[in-house]
Amino acid sequence: VQLQASGGGLVQAGGSLRLSCAASGRTFGSFSSYVMGWFRQAPGKERDFVAAISWSGDSTYYADSVKGRFTISRDNAKNTVYLQMNSLKPADTAVYYCAVVFGTNRVEAGPYDYDYWGQGTQVTVSS
């Protein structure tokens, strides 16, 4: 499985960005269950959980710091997961990574549970 994250960039505080993560190599449909997640890592800090979504899209989970501002969604026909980020703050500045964990519907899975990771896309929010 390969995950390609895109959509990052430079935006002013209060602005919006939409990240995309396209999967290839093995389609989601070959697995009975899986969870897609977004994480972020700021310079000098650990990789933190941002949001996750189940294979069906019925279950989502967000970090408290992004609740009400970020929305995760998926398009299984396109093997793509999205992260709509609104009301961005300078504290949201980080490299954002998408990841997938197979064989579970547990959207609360931690970073060490994930099987595959994308290369990351930089999000910079200026004040």
# chains A, B, ... in the order shown; residues from 1 in each chain; ligands from 1
call {"tool": "closest_atom_pairs", "arguments": {"of": "segment 32-71 of chain A", "to": "segment 11-20 of chain A", "cutoff": "10 Å", "atoms": "only C-alpha atoms", "output": "Markdown table"}}
result
| residue | atom | partner | partner_atom | distance |
| --- | --- | --- | --- | --- |
| A:Trp38 | CA | A:Leu19 | CA | 9.6 |
| A:Arg69 | CA | A:Ser16 | CA | 9.4 |
| A:Phe70 | CA | A:Arg18 | CA | 9.3 |
| A:Thr71 | CA | A:Arg18 | CA | 9.3 |
call {"tool": "write_last_selection", "arguments": {"atoms": "N, CA, C and O atoms", "output": "JSON list (two decimals), in the first residue's frame"}}
result
[["chain", "number", "residue", "atom", "x", "y", "z"],
["A", 38, "TRP", "N", -5.27, 10.70, 10.26],
["A", 38, "TRP", "CA", -4.36, 11.81, 10.03],
["A", 38, "TRP", "C", -3.62, 12.11, 11.33],
["A", 38, "TRP", "O", -4.22, 12.14, 12.40],
["A", 69, "ARG", "N", -13.41, 22.16, 14.11],
["A", 69, "ARG", "CA", -12.70, 22.91, 13.06],
["A", 69, "ARG", "C", -12.30, 22.01, 11.89],
["A", 69, "ARG", "O", -12.30, 22.46, 10.75],
["A", 70, "PHE", "N", -11.96, 20.77, 12.18],
["A", 70, "PHE", "CA", -11.50, 19.84, 11.15],
["A", 70, "PHE", "C", -12.58, 18.78, 10.92],
["A", 70, "PHE", "O", -13.29, 18.38, 11.84],
["A", 71, "THR", "N", -12.66, 18.32, 9.67],
["A", 71, "THR", "CA", -13.59, 17.26, 9.32],
["A", 71, "THR", "C", -12.88, 16.23, 8.45],
["A", 71, "THR", "O", -12.29, 16.59, 7.43]]
call {"tool": "residues_around", "arguments": {"residues": "segment 86-103 of chain A", "least_positions_apart": "3", "cutoff": "7 Å", "atoms": "only C-alpha atoms", "output": "NGL selection string"}}
result
:A and (5 or 13-17 or 21 or 32-42 or 69-70 or 113-127)
call {"tool": "atom_distance", "arguments": {"atom1": "atom CA of Gly7 of chain A", "atom2": "atom CA of Tyr112 of chain A"}}
result
24.6 Å
call {"tool": "select_by_dssp", "arguments": {"residues": "chain A", "states": "strand (DSSP E or B)", "output": "PyMOL selection string"}}
result
chain A and resi 2-6+9-12+17-24+34-41+48-54+60-62+70-75+80-85+94-102+116-117+121-126
call {"tool": "closest_residue", "arguments": {"among": "A:Gly110, A:Gly25, A:Pro43, A:Gly9", "to": "Tyr61 of chain A", "atoms": "only C-alpha atoms"}}
result
A:Gly110
call {"tool": "closest_residue", "arguments": {"among": "A:Gln84, A:Asn76, A:Asp58, A:Leu10", "to": "Arg106 of chain A", "atoms": "only C-alpha atoms"}}
result
A:Asp58
call {"tool": "closest_residue", "arguments": {"among": "A:Met85, A:Ser30, A:Thr104, A:Ala23", "to": "Val50 of chain A", "atoms": "only C-alpha atoms"}}
result
A:Met85
call {"tool": "closest_residue", "arguments": {"among": "A:Ser65, A:Asn105, A:Ser73, A:Ser24", "to": "Gln4 of chain A", "atoms": "only C-alpha atoms"}}
result
A:Ser24
call {"tool": "select_by_dssp", "arguments": {"residues": "segment 22-90 of chain A", "states": "helix (DSSP H, G or I)", "output": "ChimeraX atom specification"}}
result
/A:28-30,76-78,90
call {"tool": "closest_residue", "arguments": {"among": "A:Pro111, A:Val1, A:Ala52, A:Glu46", "to": "Lys67 of chain A", "atoms": "only C-alpha atoms"}}
result
A:Ala52
call {"tool": "closest_residue", "arguments": {"among": "A:Val81, A:Ala109, A:Gln2, A:Phe31", "to": "Phe49 of chain A", "atoms": "only C-alpha atoms"}}
result
A:Ala109
call {"tool": "atom_distance", "arguments": {"atom1": "atom CA of Leu3 of chain A", "atom2": "atom CA of Arg47 of chain A"}}
result
17.2 Å
call {"tool": "atom_distance", "arguments": {"atom1": "atom CA of Ala63 of chain A", "atom2": "atom CA of Asn79 of chain A"}}
result
23.4 Å
